[in-house]
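S.K.: What follows is data.txt; its format and atoms are compact mmCIF, C-alpha atoms and all ligand atoms.
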# COMPACT_ATOMS: atom_id res chain seq x y z
CA MET A 742 13.37 -14.87 24.18
CA SER A 743 10.91 -17.03 22.25
CA TYR A 744 7.39 -16.15 23.19
CA PHE A 745 3.85 -16.94 22.37
CA GLN A 746 0.76 -14.84 22.88
CA ILE A 747 -2.84 -14.99 21.76
CA ILE A 748 -5.09 -11.94 21.68
CA HIS A 749 -8.60 -13.23 21.34
CA LYS A 750 -11.58 -11.07 20.39
CA GLY A 751 -13.55 -13.58 18.36
CA ASP A 752 -12.95 -16.27 15.78
CA HIS A 753 -12.66 -14.38 12.53
CA PRO A 754 -10.36 -13.33 11.03
CA ASN A 755 -7.58 -15.48 12.33
CA ARG A 756 -4.14 -13.85 12.18
CA LEU A 757 -0.76 -15.50 12.70
CA PHE A 758 2.35 -13.33 13.09
CA ILE A 759 5.63 -15.22 13.25
CA GLY A 760 8.83 -13.38 14.13
CA GLY A 761 12.39 -14.43 13.42
CA VAL A 762 11.95 -17.55 11.31
CA HIS A 763 15.70 -18.09 10.88
CA GLY A 764 19.10 -17.11 12.24
CA LYS A 765 19.06 -14.47 14.94
CA GLU A 766 16.22 -12.44 13.44
CA GLY A 767 13.99 -13.15 16.45
CA ARG A 768 16.18 -10.88 18.57
CA SER A 769 15.07 -7.91 16.44
CA THR A 770 11.51 -8.92 15.60
CA SER A 771 10.66 -9.43 19.28
CA GLN A 772 11.21 -5.69 19.75
CA ALA A 773 8.30 -5.08 17.38
CA LEU A 774 5.98 -7.88 18.45
CA GLU A 775 6.16 -6.96 22.11
CA GLN A 776 4.66 -3.56 21.25
CA LEU A 777 1.38 -5.13 20.11
CA SER A 778 -1.41 -5.21 22.63
CA ASP A 779 -5.13 -5.94 22.94
CA GLU A 780 -6.31 -2.58 21.62
CA ASP A 781 -4.37 -3.03 18.35
CA VAL A 782 -6.45 -6.04 17.33
CA GLY A 783 -9.73 -5.54 15.49
CA GLU A 784 -12.20 -8.39 15.41
CA GLY A 785 -11.03 -11.98 15.59
CA ARG A 786 -7.79 -13.35 16.86
CA LEU A 787 -4.09 -12.61 16.73
CA VAL A 788 -1.61 -15.39 17.43
CA ILE A 789 1.94 -14.16 17.96
CA TYR A 790 4.95 -16.43 17.97
CA ASN A 791 8.52 -15.20 18.12
CA CYS A 792 11.24 -17.77 17.43
CA ASP A 793 14.49 -18.46 19.22
CA ASP A 794 17.81 -18.46 17.35
CA THR A 795 18.09 -21.21 14.75
CA PRO A 796 20.67 -21.95 12.04
CA TYR A 797 20.11 -19.62 9.09
CA LEU A 798 18.38 -21.34 6.21
CA SER A 799 16.51 -19.35 3.56
CA THR A 800 12.75 -19.89 3.40
CA LEU A 801 13.20 -19.93 -0.39
CA LYS A 802 14.95 -23.30 -0.02
CA LYS A 803 12.82 -26.41 0.16
CA GLN A 804 15.02 -27.79 2.97
CA TYR A 805 13.84 -24.98 5.22
CA TYR A 806 10.46 -26.65 5.59
CA GLN A 807 12.18 -29.94 6.48
CA SER A 808 14.16 -28.31 9.31
CA ARG A 809 12.92 -28.33 12.90
CA ILE A 810 11.84 -24.68 12.83
CA GLY A 811 10.35 -25.02 9.34
CA LYS A 812 8.21 -27.93 10.52
CA GLU A 813 7.16 -25.94 13.57
CA ILE A 814 5.94 -23.15 11.30
CA LEU A 815 4.05 -25.58 9.07
CA TYR A 816 2.45 -26.97 12.21
CA LEU A 817 1.37 -23.51 13.42
CA ILE A 818 -0.16 -22.68 10.02
CA ASP A 819 -1.97 -26.01 9.92
CA TYR A 820 -3.21 -25.67 13.49
CA TYR A 821 -4.44 -22.07 13.36
CA GLN A 822 -5.51 -21.95 9.68
CA PRO A 823 -4.92 -18.19 9.50
CA GLN A 824 -6.55 -15.97 6.90
CA VAL A 825 -3.78 -13.48 7.66
CA TYR A 826 -0.22 -14.78 7.82
CA ILE A 827 2.68 -12.41 8.46
CA GLU A 828 6.37 -13.34 8.63
CA LEU A 829 8.59 -10.85 10.40
CA HIS A 830 12.19 -10.81 9.20
CA CYS A 831 15.17 -8.50 9.48
CA TYR A 832 18.15 -7.98 7.19
CA ASN A 833 21.70 -6.75 7.39
CA LYS A 834 21.99 -3.37 5.75
CA GLU A 835 24.53 -4.59 3.18
CA ASN A 836 21.81 -6.86 1.77
CA PHE A 837 19.36 -4.03 1.08
CA HIS A 838 20.20 -3.79 -2.62
CA ARG A 839 20.12 -7.54 -3.17
CA LEU A 840 16.66 -7.78 -1.57
CA THR A 841 15.18 -4.87 -3.51
CA SER A 842 17.00 -5.44 -6.81
CA PRO A 843 14.91 -5.93 -9.96
CA ASN A 844 17.25 -8.90 -10.62
CA ARG A 845 15.93 -10.74 -7.58
CA ARG A 846 13.47 -12.56 -9.76
CA SER A 847 16.13 -13.98 -12.08
CA GLU A 848 18.63 -14.58 -9.26
CA GLN A 849 16.37 -15.90 -6.49
CA GLY A 850 13.20 -16.83 -8.34
CA VAL A 851 11.03 -14.39 -6.38
CA PRO A 852 10.00 -10.76 -6.90
CA PRO A 853 12.03 -7.99 -5.24
CA LEU A 854 10.96 -6.68 -1.86
CA ILE A 855 9.43 -3.20 -1.89
CA GLU A 856 10.55 -0.42 0.43
CA LEU A 857 7.76 1.38 2.29
CA GLU A 858 10.02 3.85 4.12
CA GLU A 859 12.92 3.89 6.62
CA GLY A 860 14.27 0.60 5.28
CA VAL A 861 11.05 -1.29 6.02
CA LEU A 862 10.30 -3.71 3.17
CA ILE A 863 7.27 -5.75 2.18
CA GLY A 864 7.08 -8.81 -0.02
CA SER A 865 5.34 -12.11 -0.47
CA VAL A 866 6.03 -15.21 1.61
CA SER A 867 7.90 -18.19 0.21
CA PRO A 868 6.24 -19.61 -2.91
CA TYR A 869 6.54 -23.04 -1.22
CA ILE A 870 3.76 -22.06 1.15
CA ARG A 871 1.87 -19.18 -0.50
CA THR A 872 0.03 -21.19 -3.11
CA THR A 873 -0.11 -24.53 -1.30
CA LEU A 874 -1.17 -23.71 2.27
CA PHE A 875 -3.18 -20.55 1.70
CA LYS A 876 -6.15 -19.53 -0.36
CA ARG A 877 -5.85 -16.85 -2.99
CA ASP A 878 -7.70 -14.31 -0.87
CA ASP A 879 -5.78 -14.97 2.33
CA ILE A 880 -3.38 -12.19 3.25
CA CYS A 881 0.27 -13.31 3.28
CA MET A 882 3.11 -10.88 3.75
CA THR A 883 6.78 -10.79 4.60
CA LEU A 884 7.85 -7.72 6.52
CA GLU A 885 11.53 -6.85 6.71
CA MET A 886 13.37 -4.18 8.65
CA PRO A 887 17.07 -3.66 9.33
CA CYS A 888 18.30 -5.95 12.14
CA ASN A 889 18.91 -4.03 15.38
CA PRO A 890 16.59 -1.36 13.98
CA GLY A 891 16.84 2.32 14.74
CA PRO A 892 13.80 4.03 16.23
CA GLN A 893 12.43 5.29 12.88
CA SER A 894 12.53 1.89 11.20
CA LEU A 895 11.03 0.22 14.24
CA THR A 896 8.20 2.78 14.38
CA VAL A 897 7.28 2.25 10.72
CA TYR A 898 7.46 -1.52 11.13
CA VAL A 899 5.27 -1.56 14.24
CA ASN A 900 2.79 0.78 12.57
CA VAL A 901 2.37 -1.61 9.64
CA LEU A 902 1.88 -4.52 12.06
CA LYS A 903 -0.79 -2.54 13.89
CA ILE A 904 -2.56 -1.73 10.61
CA ILE A 905 -2.63 -5.44 9.76
CA ALA A 906 -3.73 -6.45 13.26
CA GLY A 907 -6.47 -3.81 13.26
CA SER A 908 -7.90 -4.61 9.83
CA ASN A 909 -10.79 -7.06 9.69
CA SER A 910 -10.76 -7.74 5.95
CA ARG A 911 -8.51 -7.61 2.91
CA LYS A 912 -10.39 -4.56 1.67
CA GLU A 913 -9.85 -2.68 4.91
CA LEU A 914 -6.13 -3.49 4.88
CA GLU A 915 -5.67 -2.55 1.22
CA ASP A 916 -7.51 0.76 1.72
CA LYS A 917 -5.32 1.72 4.67
CA MET A 918 -2.10 0.68 2.92
CA VAL A 919 -3.02 2.53 -0.29
CA GLN A 920 -3.59 5.70 1.70
CA LEU A 921 -0.15 5.53 3.27
CA TYR A 922 1.87 3.91 0.48
CA PRO A 923 0.10 4.27 -2.89
CA PRO A 924 3.00 3.53 -5.29
CA GLN A 925 4.26 0.63 -3.17
CA VAL A 926 0.85 -1.06 -3.20
CA GLU A 927 0.66 -0.61 -6.98
CA THR A 928 4.07 -2.26 -7.34
CA ALA A 929 3.05 -5.08 -5.00
CA LYS A 930 -0.05 -5.70 -7.14
CA ARG A 931 2.02 -5.86 -10.29
CA TYR A 932 4.59 -8.25 -8.79
CA ALA A 933 1.91 -10.55 -7.38
CA GLN A 934 0.19 -10.77 -10.75
CA GLU A 935 3.44 -11.31 -12.63
CA PHE A 936 4.61 -13.97 -10.24
CA PHE A 937 1.53 -15.80 -9.01
CA GLY A 938 -0.97 -14.99 -11.77
CA ASP A 939 -4.33 -13.74 -10.65
CA TYR A 940 -3.26 -12.91 -7.08
CA PRO A 941 -3.86 -9.85 -4.88
CA PRO A 942 -0.91 -7.72 -3.69
CA PHE A 943 -0.47 -9.35 -0.28
ZN ZN B 1 14.76 -13.59 7.15
Show me, as structure tokens, the structure contained in the file I just sent.
Ligand SMILES: [Zn+2]
M.R.:
Amino acid sequence: MSYFQIIHKGDHPNRLFIGGVHGKEGRSTSQALEQLSDEDVGEGRLVIYNCDDTPYLSTLKKQYYQSRIGKEILYLIDYYQPQVYIELHCYNKENFHRLTSPNRRSEQGVPPLIELEEGVLIGSVSPYIRTTLFKRDDICMTLEMPCNPGPQSLTVYVNVLKIIAGSNSRKELEDKMVQLYPPQVETAKRYAQEFFGDYPPF
């Protein structure tokens, strides 16, 4: 189930998409990643890695990055030095409200995830890596969909992945996302500024 693929069309930008970073999420995220192909990638490179099952440990916990899979992810980031880093997750439907709740900041220490449509959510990556391993202008995003997604959720999710893979700059990505999801991008901007300071939305 775990797989690794590189689509190479040049050296810049460098994108790293990692699916299923904990638990059994890789079983769902592989369904999305396997739909990406050469023609979806703009300039530069796309590195795709989908993880096998691992014990579930939240990426908001420091111990995650001391676990075997956490270290593997740190290694991949260090090795590929991506300007675009995307984590693909999935959630059980009963957790939807917890993930999108305005209280997530006080309860979990991170901003709520934002629904695009069909249960597909966007958010930032773990604060443990966002500000330490990436530059301010790098693009870092968590993408969530329901686990064992229905066709509508999967279509939205794959479409967002293709937009990211096909964009060659932050500006290009933001323009495309604003066209499709204007209020969500506004909210993402606000959360990023509230949480990280002078940071862009993804
Ligand atoms: Zn997850």
S.K.: Can you build me a table of chain A residues sitting at most 10 Å from ligand ZN 1 (chain B), with the closest atom pair per residue and its distance in Å to one decimal, using all atoms listed in the file, sorted by chain and residue number, as CSV?
M.R.:
residue,atom,partner,partner_atom,distance
A:Gly760,CA,B:ZN1,ZN,9.2
A:Gly761,CA,B:ZN1,ZN,6.8
A:Val762,CA,B:ZN1,ZN,6.4
A:His763,CA,B:ZN1,ZN,5.9
A:Gly764,CA,B:ZN1,ZN,7.6
A:Lys765,CA,B:ZN1,ZN,8.9
A:Glu766,CA,B:ZN1,ZN,6.6
A:Gly767,CA,B:ZN1,ZN,9.3
A:Tyr797,CA,B:ZN1,ZN,8.3
A:Leu798,CA,B:ZN1,ZN,8.6
A:Ser799,CA,B:ZN1,ZN,7.0
A:Thr800,CA,B:ZN1,ZN,7.6
A:Leu801,CA,B:ZN1,ZN,10.0
A:Glu828,CA,B:ZN1,ZN,8.5
A:Leu829,CA,B:ZN1,ZN,7.5
A:His830,CA,B:ZN1,ZN,4.3
A:Cys831,CA,B:ZN1,ZN,5.6
A:Tyr832,CA,B:ZN1,ZN,6.6
A:Asn833,CA,B:ZN1,ZN,9.7
A:Thr883,CA,B:ZN1,ZN,8.8
A:Leu884,CA,B:ZN1,ZN,9.1
A:Glu885,CA,B:ZN1,ZN,7.5
A:Met886,CA,B:ZN1,ZN,9.6
A:Cys888,CA,B:ZN1,ZN,9.8
S.K.: Can you tell me which residues surround Val919 (chain A) at a distance of at most 12 Å, considering all atoms listed in the file, apart from same-chain residues fewer than 5 positions away, and format the answer as a compact mmCIF listing (two decimals) with C-alpha atoms, in the frame of the given file?
M.R.:
# COMPACT_ATOMS: atom_id res chain seq x y z
CA LEU A 857 7.76 1.38 2.29
CA ILE A 904 -2.56 -1.73 10.61
CA ARG A 911 -8.51 -7.61 2.91
CA LYS A 912 -10.39 -4.56 1.67
CA GLU A 913 -9.85 -2.68 4.91
CA LEU A 914 -6.13 -3.49 4.88
CA PRO A 924 3.00 3.53 -5.29
CA GLN A 925 4.26 0.63 -3.17
CA VAL A 926 0.85 -1.06 -3.20
CA GLU A 927 0.66 -0.61 -6.98
CA THR A 928 4.07 -2.26 -7.34
CA ALA A 929 3.05 -5.08 -5.00
CA LYS A 930 -0.05 -5.70 -7.14
CA PRO A 942 -0.91 -7.72 -3.69
S.K.: Please report the interatomic distance between CA of Ser865 (chain A) and CA of Leu840 (chain A) in Å with one decimal.
M.R.: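 CA of Leu840 (chain A) lies 12.2 Å from CA of Ser865 (chain A).
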S.K.: I need the residue nearest Ile747 (chain A) from this list: A:Thr873, A:Ser867, A:Ser769, A:Asn791. Use all atoms listed in the file for the distance.
M.R.: A:Asn791
S.K.: Between A:Ile870, A:Leu777, A:Ile759, A:Leu817, which is the closest to Asp793 (chain A) once you count all atoms listed in the file?
M.R.: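 Among the listed residues, the smallest separation from Asp793 (chain A) belongs to A:Ile759.
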S.K.: Which one is closest to Glu813 (chain A): A:Gln920, A:Gln849, A:Gln893, A:Thr795? Count all atoms listed in the file.
M.R.: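 Under the stated criterion, the closest residue is A:Thr795.
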S.K.: Select, from A:Val866, A:Leu874, A:Val861, A:Ile855, the residue with the minimum atom-to-atom distance to Pro923 (chain A), counting only C-alpha atoms.
M.R.: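 Smallest distance to Pro923 (chain A) is found for A:Ile855.
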S.K.: Which one is closest to Leu895 (chain A): A:Gln807, A:Ser743, A:Gln776, A:Asn755? Count all atoms listed in the file.
M.R.: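 Looking at the shortest contact to Leu895 (chain A), the residue is A:Gln776.
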S.K.: Compare A:Val851, A:Val825, A:Val782, A:Leu787 by their minimum atom-to-atom distance to Ser910 (chain A), counting all atoms listed in the file, and give me the closest one.
M.R.: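 Of A:Val851, A:Val825, A:Val782, A:Leu787, the one nearest Ser910 (chain A), counting all atoms listed in the file, is A:Val825.
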S.K.: What separation in Å, quoted to one decimal, exists between CA of Arg845 (chain A) and CA of Tyr790 (chain A)?
M.R.: 28.4 Å
S.K.: Counting only C-alpha atoms, what is within 10 Å of Tyr826 (chain A), bar same-chain residues fewer than 6 positions away, as a PyMOL selection string?
M.R.: chain A and resi 755-759+787-788+818+866+871+875+879-883+905+943
S.K.: Report, in Å to a single decimal, how far apart CA of Tyr898 (chain A) and CA of Glu859 (chain A) are.
M.R.: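 Taking CA of Glu859 (chain A) and CA of Tyr898 (chain A), their separation equals 8.9 Å.
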